[in-house]
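S.K.: This is the structure I have questions about; it appears just below.
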Amino acid sequence: MATRRVVPASGPRAPRLRVAPAWTVIVAAALAGPVSAQAPRATLTAPAEVDWGATVRLEGRGSAAAAGAALIRFEWTHLSGTGGMPVGEVVATDQPALLLPLDGYPPLDPGVHAFRLRVLDDQGRASPPVESQVIVMDTQAPTAVLQAPDRLDPTEVLVLDGTASYDPGGGSVERFEWTLVDAQGVGPLNTPMNQPVETVAPTWTVERLDGAPLAPGRLTYRLEVTDASGNRSAPTQVQVIVMDTQAPTAVLQAPDRLDPTEVLVLDGSASYDPGGGSVERFEWTLVDAQGVGPLNTPMNQPVETVAPSWTVERLDGDPLAPGRLTYRLEVTDASGNRSAPTQVQVFVVDTQAPTASATAPRRIVPTEPVTLDGGRSSDAAPGRVVRWHWVRRAGEGGGWRIGATRTTDRPTVDVPADRRRPLLPGTHVFELVVEDAAGNRSRPVRVSFDVPRR
C-alpha cells in the first residue's frame with residue numbers, strides 16, 4: 001500500500017517535504033547529509049513549453065550515484081509559479097520521474113514555473129540541487145459572456161455585465177471590449193455606433209446623453225474579451241428592449257361653449273408620454289348629453305383614432321339642441337401603456353342673435369288702440385324668440401309716453417288710445433328689440449305710422 005507522510009526538514013525556513021502518493025518511498029533518518037566527493041549527481045530535464053492542462057513530466061533519469069552506491073530518493077520542489085503543488089513543498093519519490101499535476105492538486109497555471117531536484121543515495125549522501133523551467137502556455141481563447149436586462153425602462157441606467165466571462169485555457173480575462181452595434185429607435189446615447197470601448201472592469205455603465213430618458217426601441221451590444229495571454233474571444237451579443245412602462249397623460253381640450261350650428265372639434269394633441277414614448281391612439285367617448293341632440297355618436301361607445309383630434313358629427317347636419325355634453329378621452333402610447341381618463345364639458349348655447357321685424361297697420365283711428373306686430377321676427381334654429389321689447393320713440397297722444405319700454409311674451413303690443421287720450425296727428429315711431437331663449441338680443445328695428453289731420 002502507498003505511504004503518505006510529510007517529513008519537515010530542519011531549520012525555520014526549510015521547505016515542507018511531502019511523500020508523493022502511489023510510489024514506494026524510503027525515508028532515511030539523515031535526509032540532509034553532507035555533500036562529499038562521492039555525492040550523487042542530480043540531473044533535471046523538463047519540457048520547455050506545454051499547453052495548459054497538459055501533463056508535465058519532470059525527468060531525473062540522468063541522475064547518478066558514486067561507484068558502489070545507489071540512488072534511493074528523488075526530492076522535487078516547486079520553486080515558482082502558481083497552480084500545482086504549493087511553492088516550497090518538497091515531494092519525495094523513489095522513482096526518477098514526477099508527473100504533474102499530482103493527484104489532488106490543480107493544473108499548473110499559465111506562466112513560468114521553476115522546479116528543483118535533489119537526489120540521495122543509500123549512503124545518506126545528497127547531491128547539489130539542480131533547477132529547470134517550464135513555460136505553461138495558454139493557447140485557448142477565452143469565452144465572452146454578456147449579461148444585461150431583457151427590458152429596460154427609459155429612465156433606468158443600463159449596466160452591461162461581463163463578469164461571467166471565463167478562460168478555459170487556465171488564464172484570466174484581462175480586458176473587456178464593448179460595442180454598440182445597433183440602436184433601433186433608441187436615443188439619445190453618449191456612445192457612438194460601432195466604436196469599441198475597452199475596460200479592465202468586467203462591467204460597463206451605458207451613459208445617456210445629458211441624462212435624458214431613452215426613447216423606446218431596441219439596443220444591441222457586443223462583447224469581446226481578451227485573456228492574460230492575449231487570446232481573444234469570439235464576440236457575443238445581447239439585445240435590450242427599451243420599454244416605456246409609464247402611462248401617458250391624456251389632455252382633452254374643447255370650447256367651453258358652443259353654438260348649436262357650430263362644429264365641435266375635440267383636441268387631444270397636448271397629450272404626452274412622460275415615459276419617453278409617443279402617444280399613438282386616442283379613444284373618445286360621449287358619456288353624457290343632457291338636453292343636447294341630435295348626435296351621430298352613441299352614448300358610452302368609444303371611438304378610436306390615430307389622429308389627435310376628433311370632429312363630433314351632428315345627425316344629418318342639424319343644429320344641436322342647447323344643453324351640456326360630456327366627453328372622455330383616454331390615450332395609449334407606443335408601448336401599450338394606457339392613460340387615466342380625462343373629461344371635458346361643453347355647454348351648447350345659442351349664441352346667435354335673433355332678427356327683429358315689426359309692422360304697423362296702414363289705417364289709423366286716433367281714438368282706437370293701434371296694434372304693432374313683431375310676429376315676423378325670427379331666430380336661427382333651434383333658437384326661438386321668447387320676448388319682444390318695444391320702445392316709443394316719437395309721437396304725441398295716447399297712453400304710452402316717449403322712451404318708455406313695454407316687454408311682452410307675445411309678438412304683438414297695443415298702443416293705447418281712447419276719446420279722452422287720442423293719438424294726435426303726426427308720425428308715431430316705435431322701436432323693437434327681440435330676445436331668444438338663450439338671452440341673445442336682436443338689433444333694434446323701427447316701425448312707424450302716421451295719424452292724419454282731420
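If you're wondering about the labels, chains in the C-alpha cells are A, B, ... by order shown, residues count from 1 in each chain, ligands from 1 in order shown.
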Hey, what's within 12 Å of Ser378 in chain A if we count only C-alpha atoms and toss same-chain stuff fewer than 6 positions away? As a list in words, please?
M.R.: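 Listed by chain and then number, they are Gln352, Ala353, Pro354, Thr355, Ala356, Ser357, Ala358, Arg384, Val385, Val386, Arg387, Trp388, Pro411, Val433, Val434, Glu435, Asp436, Ala437, Asn440, Arg441, Ser442 and Arg443 of chain A.
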S.K.: Any chance you can output those residues with N, CA, C and O atoms as a compact mmCIF listing (two decimals), in the first residue's frame?
M.R.:
# COMPACT_ATOMS: atom_id res chain seq x y z
N GLN A 352 -76.33 83.02 -31.32
CA GLN A 352 -76.70 83.87 -32.45
C GLN A 352 -77.90 84.75 -32.08
O GLN A 352 -78.89 84.28 -31.51
N ALA A 353 -77.74 86.02 -32.39
CA ALA A 353 -78.82 86.97 -32.10
C ALA A 353 -80.00 86.73 -33.04
O ALA A 353 -79.82 86.42 -34.22
N PRO A 354 -81.21 86.89 -32.54
CA PRO A 354 -82.39 86.79 -33.42
C PRO A 354 -82.50 88.04 -34.30
O PRO A 354 -81.74 89.00 -34.14
N THR A 355 -83.44 88.01 -35.18
CA THR A 355 -83.70 89.14 -36.08
C THR A 355 -85.09 89.69 -35.80
O THR A 355 -86.08 88.96 -35.81
N ALA A 356 -85.12 91.01 -35.53
CA ALA A 356 -86.40 91.66 -35.23
C ALA A 356 -87.09 92.14 -36.51
O ALA A 356 -86.42 92.59 -37.45
N SER A 357 -88.41 92.02 -36.53
CA SER A 357 -89.23 92.53 -37.64
C SER A 357 -90.53 93.05 -37.06
O SER A 357 -91.16 92.37 -36.25
N ALA A 358 -90.91 94.26 -37.44
CA ALA A 358 -92.12 94.88 -36.88
C ALA A 358 -92.97 95.50 -37.98
O ALA A 358 -92.43 96.06 -38.95
N ARG A 384 -85.40 80.29 -30.57
CA ARG A 384 -86.71 80.89 -30.86
C ARG A 384 -86.84 82.17 -30.06
O ARG A 384 -86.23 82.33 -28.99
N VAL A 385 -87.65 83.11 -30.62
CA VAL A 385 -87.88 84.39 -29.95
C VAL A 385 -88.90 84.18 -28.83
O VAL A 385 -89.95 83.57 -29.03
N VAL A 386 -88.54 84.67 -27.64
CA VAL A 386 -89.44 84.48 -26.50
C VAL A 386 -89.89 85.81 -25.88
O VAL A 386 -90.86 85.82 -25.12
N ARG A 387 -89.20 86.91 -26.21
CA ARG A 387 -89.60 88.21 -25.66
C ARG A 387 -89.46 89.30 -26.72
O ARG A 387 -88.53 89.25 -27.53
N TRP A 388 -90.39 90.26 -26.62
CA TRP A 388 -90.41 91.40 -27.53
C TRP A 388 -90.32 92.66 -26.68
O TRP A 388 -91.13 92.87 -25.76
N PRO A 411 -95.92 88.38 -29.70
CA PRO A 411 -95.33 89.23 -30.74
C PRO A 411 -96.06 90.55 -30.97
O PRO A 411 -95.57 91.38 -31.75
N VAL A 433 -86.88 95.42 -30.17
CA VAL A 433 -85.75 94.51 -29.97
C VAL A 433 -86.32 93.18 -29.47
O VAL A 433 -87.09 93.16 -28.51
N VAL A 434 -85.94 92.08 -30.15
CA VAL A 434 -86.45 90.77 -29.72
C VAL A 434 -85.32 89.99 -29.04
O VAL A 434 -84.14 90.21 -29.28
N GLU A 435 -85.74 89.06 -28.17
CA GLU A 435 -84.79 88.27 -27.37
C GLU A 435 -85.16 86.79 -27.49
O GLU A 435 -86.33 86.42 -27.42
N ASP A 436 -84.08 85.92 -27.68
CA ASP A 436 -84.39 84.49 -27.78
C ASP A 436 -84.23 83.82 -26.41
O ASP A 436 -83.91 84.47 -25.41
N ALA A 437 -84.44 82.51 -26.40
CA ALA A 437 -84.44 81.76 -25.14
C ALA A 437 -83.07 81.75 -24.48
O ALA A 437 -82.96 81.56 -23.26
N ASN A 440 -80.02 86.06 -26.14
CA ASN A 440 -79.45 86.89 -27.20
C ASN A 440 -80.50 87.90 -27.68
O ASN A 440 -81.67 87.57 -27.86
N ARG A 441 -80.07 89.15 -27.90
CA ARG A 441 -80.99 90.20 -28.34
C ARG A 441 -80.65 90.64 -29.75
O ARG A 441 -79.48 90.66 -30.15
N SER A 442 -81.68 90.99 -30.45
CA SER A 442 -81.51 91.44 -31.84
C SER A 442 -81.10 92.90 -31.89
O SER A 442 -81.12 93.61 -30.87
N ARG A 443 -80.72 93.33 -33.06
CA ARG A 443 -80.55 94.75 -33.29
C ARG A 443 -81.94 95.40 -33.34
O ARG A 443 -82.92 94.75 -33.74
S.K.: Among range 237-361 of chain A, which residues carry a DSSP assignment of strand (DSSP E or B), reported as a PyMOL selection string?
M.R.: chain A and resi 237-242+249+253+257-258+264-267+272+279-290+295+303-305+309-312+314+323-333+338+342-348+355+359
S.K.: I want to know what sits within 8 Å of range 43-57 of chain A, based on only C-alpha atoms, with residues of the same chain fewer than 4 positions away left out; could you give that as a PDB file with N, CA and C atoms, in the first residue's frame?
M.R.:
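Produced file out_17.pdb, reproduced below:
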ATOM      1  N   ARG A  61      16.099  11.026 -14.731  1.00  0.00           N
ATOM      2  CA  ARG A  61      16.715   9.750 -15.091  1.00  0.00           C
ATOM      3  C   ARG A  61      18.228   9.873 -15.326  1.00  0.00           C
ATOM      4  N   GLY A  62      18.689  11.028 -15.662  1.00  0.00           N
ATOM      5  CA  GLY A  62      20.131  11.195 -15.883  1.00  0.00           C
ATOM      6  C   GLY A  62      20.925  11.337 -14.609  1.00  0.00           C
ATOM      7  N   SER A  63      20.267  11.368 -13.453  1.00  0.00           N
ATOM      8  CA  SER A  63      20.981  11.461 -12.174  1.00  0.00           C
ATOM      9  C   SER A  63      21.766  10.161 -11.924  1.00  0.00           C
ATOM     10  N   ALA A  97      11.266  10.106 -11.992  1.00  0.00           N
ATOM     11  CA  ALA A  97      10.389  10.998 -12.774  1.00  0.00           C
ATOM     12  C   ALA A  97       9.205  11.408 -11.903  1.00  0.00           C
ATOM     13  N   LEU A  98       8.665  12.588 -12.207  1.00  0.00           N
ATOM     14  CA  LEU A  98       7.485  13.097 -11.500  1.00  0.00           C
ATOM     15  C   LEU A  98       6.514  13.641 -12.541  1.00  0.00           C
ATOM     16  N   LEU A  99       5.264  13.164 -12.492  1.00  0.00           N
ATOM     17  CA  LEU A  99       4.227  13.626 -13.426  1.00  0.00           C
ATOM     18  C   LEU A  99       3.336  14.633 -12.720  1.00  0.00           C
ATOM     19  N   LEU A 100       3.200  15.782 -13.348  1.00  0.00           N
ATOM     20  CA  LEU A 100       2.354  16.851 -12.792  1.00  0.00           C
ATOM     21  C   LEU A 100       1.147  17.057 -13.715  1.00  0.00           C
ATOM     22  N   PRO A 101      -0.057  17.393 -13.171  1.00  0.00           N
ATOM     23  CA  PRO A 101      -0.260  17.673 -11.748  1.00  0.00           C
ATOM     24  C   PRO A 101      -0.410  16.406 -10.933  1.00  0.00           C
ATOM     25  N   PRO A 107      -4.120  21.934 -11.991  1.00  0.00           N
ATOM     26  CA  PRO A 107      -3.066  22.060 -13.006  1.00  0.00           C
ATOM     27  C   PRO A 107      -2.209  23.291 -12.750  1.00  0.00           C
ATOM     28  N   LEU A 108      -1.034  23.292 -13.342  1.00  0.00           N
ATOM     29  CA  LEU A 108      -0.170  24.471 -13.277  1.00  0.00           C
ATOM     30  C   LEU A 108      -0.820  25.607 -14.054  1.00  0.00           C
ATOM     31  N   ASP A 109      -0.835  26.801 -13.477  1.00  0.00           N
ATOM     32  CA  ASP A 109      -1.386  27.965 -14.170  1.00  0.00           C
ATOM     33  C   ASP A 109      -0.460  28.404 -15.297  1.00  0.00           C
ATOM     34  N   PRO A 110      -1.025  29.082 -16.299  1.00  0.00           N
ATOM     35  CA  PRO A 110      -0.150  29.595 -17.360  1.00  0.00           C
ATOM     36  C   PRO A 110       0.921  30.509 -16.791  1.00  0.00           C
ATOM     37  N   ARG A 116      13.081  22.289  -8.793  1.00  0.00           N
ATOM     38  CA  ARG A 116      14.416  21.900  -8.311  1.00  0.00           C
ATOM     39  C   ARG A 116      14.376  20.408  -7.990  1.00  0.00           C
ATOM     40  N   LEU A 117      15.523  19.746  -8.252  1.00  0.00           N
ATOM     41  CA  LEU A 117      15.680  18.325  -7.935  1.00  0.00           C
ATOM     42  C   LEU A 117      16.942  18.114  -7.131  1.00  0.00           C
ATOM     43  N   VAL A 130      19.657  20.886  -8.578  1.00  0.00           N
ATOM     44  CA  VAL A 130      19.645  21.429  -9.939  1.00  0.00           C
ATOM     45  C   VAL A 130      18.230  21.941 -10.225  1.00  0.00           C
ATOM     46  N   GLU A 131      18.140  22.901 -11.162  1.00  0.00           N
ATOM     47  CA  GLU A 131      16.835  23.539 -11.439  1.00  0.00           C
ATOM     48  C   GLU A 131      16.534  23.511 -12.935  1.00  0.00           C
ATOM     49  N   SER A 132      15.250  23.624 -13.248  1.00  0.00           N
ATOM     50  CA  SER A 132      14.796  23.704 -14.637  1.00  0.00           C
ATOM     51  C   SER A 132      13.482  24.482 -14.674  1.00  0.00           C
ATOM     52  N   GLN A 133      13.164  25.025 -15.850  1.00  0.00           N
ATOM     53  CA  GLN A 133      11.946  25.827 -16.009  1.00  0.00           C
ATOM     54  C   GLN A 133      11.010  25.205 -17.041  1.00  0.00           C
ATOM     55  N   VAL A 134       9.711  25.434 -16.789  1.00  0.00           N
ATOM     56  CA  VAL A 134       8.664  25.015 -17.723  1.00  0.00           C
ATOM     57  C   VAL A 134       7.749  26.209 -17.959  1.00  0.00           C
ATOM     58  N   ILE A 135       7.466  26.509 -19.207  1.00  0.00           N
ATOM     59  CA  ILE A 135       6.507  27.581 -19.522  1.00  0.00           C
ATOM     60  C   ILE A 135       5.180  26.921 -19.900  1.00  0.00           C
ATOM     61  N   VAL A 136       4.158  27.209 -19.103  1.00  0.00           N
ATOM     62  CA  VAL A 136       2.813  26.697 -19.380  1.00  0.00           C
ATOM     63  C   VAL A 136       2.099  27.723 -20.249  1.00  0.00           C
ATOM     64  N   MET A 137       1.716  27.284 -21.423  1.00  0.00           N
ATOM     65  CA  MET A 137       1.137  28.204 -22.405  1.00  0.00           C
ATOM     66  C   MET A 137      -0.391  28.111 -22.387  1.00  0.00           C
ATOM     67  N   ASP A 138      -1.035  29.301 -22.368  1.00  0.00           N
ATOM     68  CA  ASP A 138      -2.498  29.373 -22.552  1.00  0.00           C
ATOM     69  C   ASP A 138      -2.755  29.669 -24.022  1.00  0.00           C
ATOM     70  N   THR A 139      -3.190  28.671 -24.750  1.00  0.00           N
ATOM     71  CA  THR A 139      -3.436  28.849 -26.182  1.00  0.00           C
ATOM     72  C   THR A 139      -4.921  28.865 -26.518  1.00  0.00           C
ATOM     73  N   GLY A 169      -8.594  28.204 -20.974  1.00  0.00           N
ATOM     74  CA  GLY A 169      -7.174  27.887 -21.103  1.00  0.00           C
ATOM     75  C   GLY A 169      -6.407  28.035 -19.819  1.00  0.00           C
ATOM     76  N   GLY A 170      -7.125  28.274 -18.705  1.00  0.00           N
ATOM     77  CA  GLY A 170      -6.466  28.365 -17.413  1.00  0.00           C
ATOM     78  C   GLY A 170      -6.018  29.752 -17.018  1.00  0.00           C
TER      79      GLY A 170
END
S.K.: Find the residues near Asp122 in chain A: any atom within 7 Å, counting only C-alpha atoms, skip ones fewer than 5 places away on the same chain, and give them as a list in words.
M.R.: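 Selected residues are Ala69, Ala70, Leu71 and Ile72 of chain A.
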S.K.: Just how far from CA of Ala183 in chain A is CA of Pro216 in chain A, in Å to one decimal?
M.R.: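 Those two atoms sit 10.0 Å apart.
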S.K.: Excluding same-chain residues fewer than 3 positions from Ala321 in chain A, what lies within 10 Å of it counting only C-alpha atoms, as a list in words?
M.R.: Asp259, Pro260, Thr261, Gln290, Gly291, Val292, Gly293, Pro294, Leu295, Asp318, Arg324, Val348, Val349, Asp350, Ala381, Pro382 and Gly383 of chain A
S.K.: Which one of A:Val265, A:Leu180, A:Ala417, A:Ala250 sits closest to Ser339 in chain A if you count only C-alpha atoms?
M.R.: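 Going through A:Val265, A:Leu180, A:Ala417, A:Ala250 one by one, the smallest distance to Ser339 in chain A is for A:Ala250.
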S.K.: Between A:Ala114, A:Met85, A:Ala64, A:Val344, single out the one closest to Leu102 in chain A, counting only C-alpha atoms.
M.R.: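 Under the stated criterion, the closest residue is A:Met85.
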S.K.: Compile the contact shell of Val312 in chain A as an MDAnalysis selection string: residues with an atom at most 7 Å away, counting only C-alpha atoms, same-chain residues fewer than 2 positions apart removed.
M.R.: chainID A and resid 264:265 310 314
S.K.: For the selection just defined, write its residues with N, CA, C and O atoms to a file, as a CSV table (one decimal), in the first residue's frame.
M.R.:
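This went into again.csv:
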chain,number,residue,atom,x,y,z
A,264,LEU,N,-68.3,70.8,-33.4
A,264,LEU,CA,-67.5,70.6,-32.2
A,264,LEU,C,-66.3,69.7,-32.6
A,264,LEU,O,-66.4,68.6,-33.1
A,265,VAL,N,-65.1,70.3,-32.3
A,265,VAL,CA,-63.8,69.5,-32.5
A,265,VAL,C,-63.2,69.3,-31.2
A,265,VAL,O,-62.9,70.3,-30.5
A,310,TRP,N,-60.8,65.0,-33.0
A,310,TRP,CA,-61.9,64.3,-33.4
A,310,TRP,C,-63.1,65.3,-33.6
A,310,TRP,O,-63.4,66.1,-32.7
A,314,ARG,N,-72.9,65.8,-36.3
A,314,ARG,CA,-74.3,66.0,-35.9
A,314,ARG,C,-75.2,65.2,-36.9
A,314,ARG,O,-74.8,65.0,-38.0
S.K.: Using only C-alpha atoms, which residue out of A:Pro40, A:Asn231, A:Ala438, A:Arg419 lies closest to Thr367 in chain A?
M.R.: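 For Thr367 in chain A, the nearest of the given residues is A:Arg419.
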S.K.: As a list in words, please: all residues of range 110-343 of chain A that backbone DSSP puts in helix (DSSP H, G or I).
M.R.: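 Selection result, helix (DSSP H, G or I) within range 110-343 of chain A: Leu209, Asp210, Gly211, Leu315, Asp316 and Gly317 of chain A.
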S.K.: Identify which of the residues A:Leu79, A:Leu209, A:Met243, A:Ala67 lies closest to Asp153 in chain A, counting only C-alpha atoms when measuring atom-to-atom distances.
M.R.: A:Met243
S.K.: Between CA of Ser271 in chain A and CA of Leu214 in chain A, what is the distance in Å, rounded to a tenth?
M.R.: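 Taking CA of Ser271 in chain A as the start and CA of Leu214 in chain A as the end point, the length is 19.1 Å.
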S.K.: Work out how far apart CA of Pro452 in chain A and CA of His389 in chain A are and give it in Å to one decimal.
M.R.: 26.8 Å
S.K.: Write out as an NGL selection string the residues lying within 9 Å of range 218-223 of chain A, counting only C-alpha atoms and excluding same-chain residues fewer than 2 positions away.
M.R.: :A and (144-146 or 160 or 162 or 176-186 or 196 or 216 or 225 or 233-243)
S.K.: Identify which of the residues A:Arg392, A:Arg328, A:Arg453, A:Arg41 lies closest to Leu432 in chain A, counting only C-alpha atoms when measuring atom-to-atom distances.
M.R.: A:Arg392
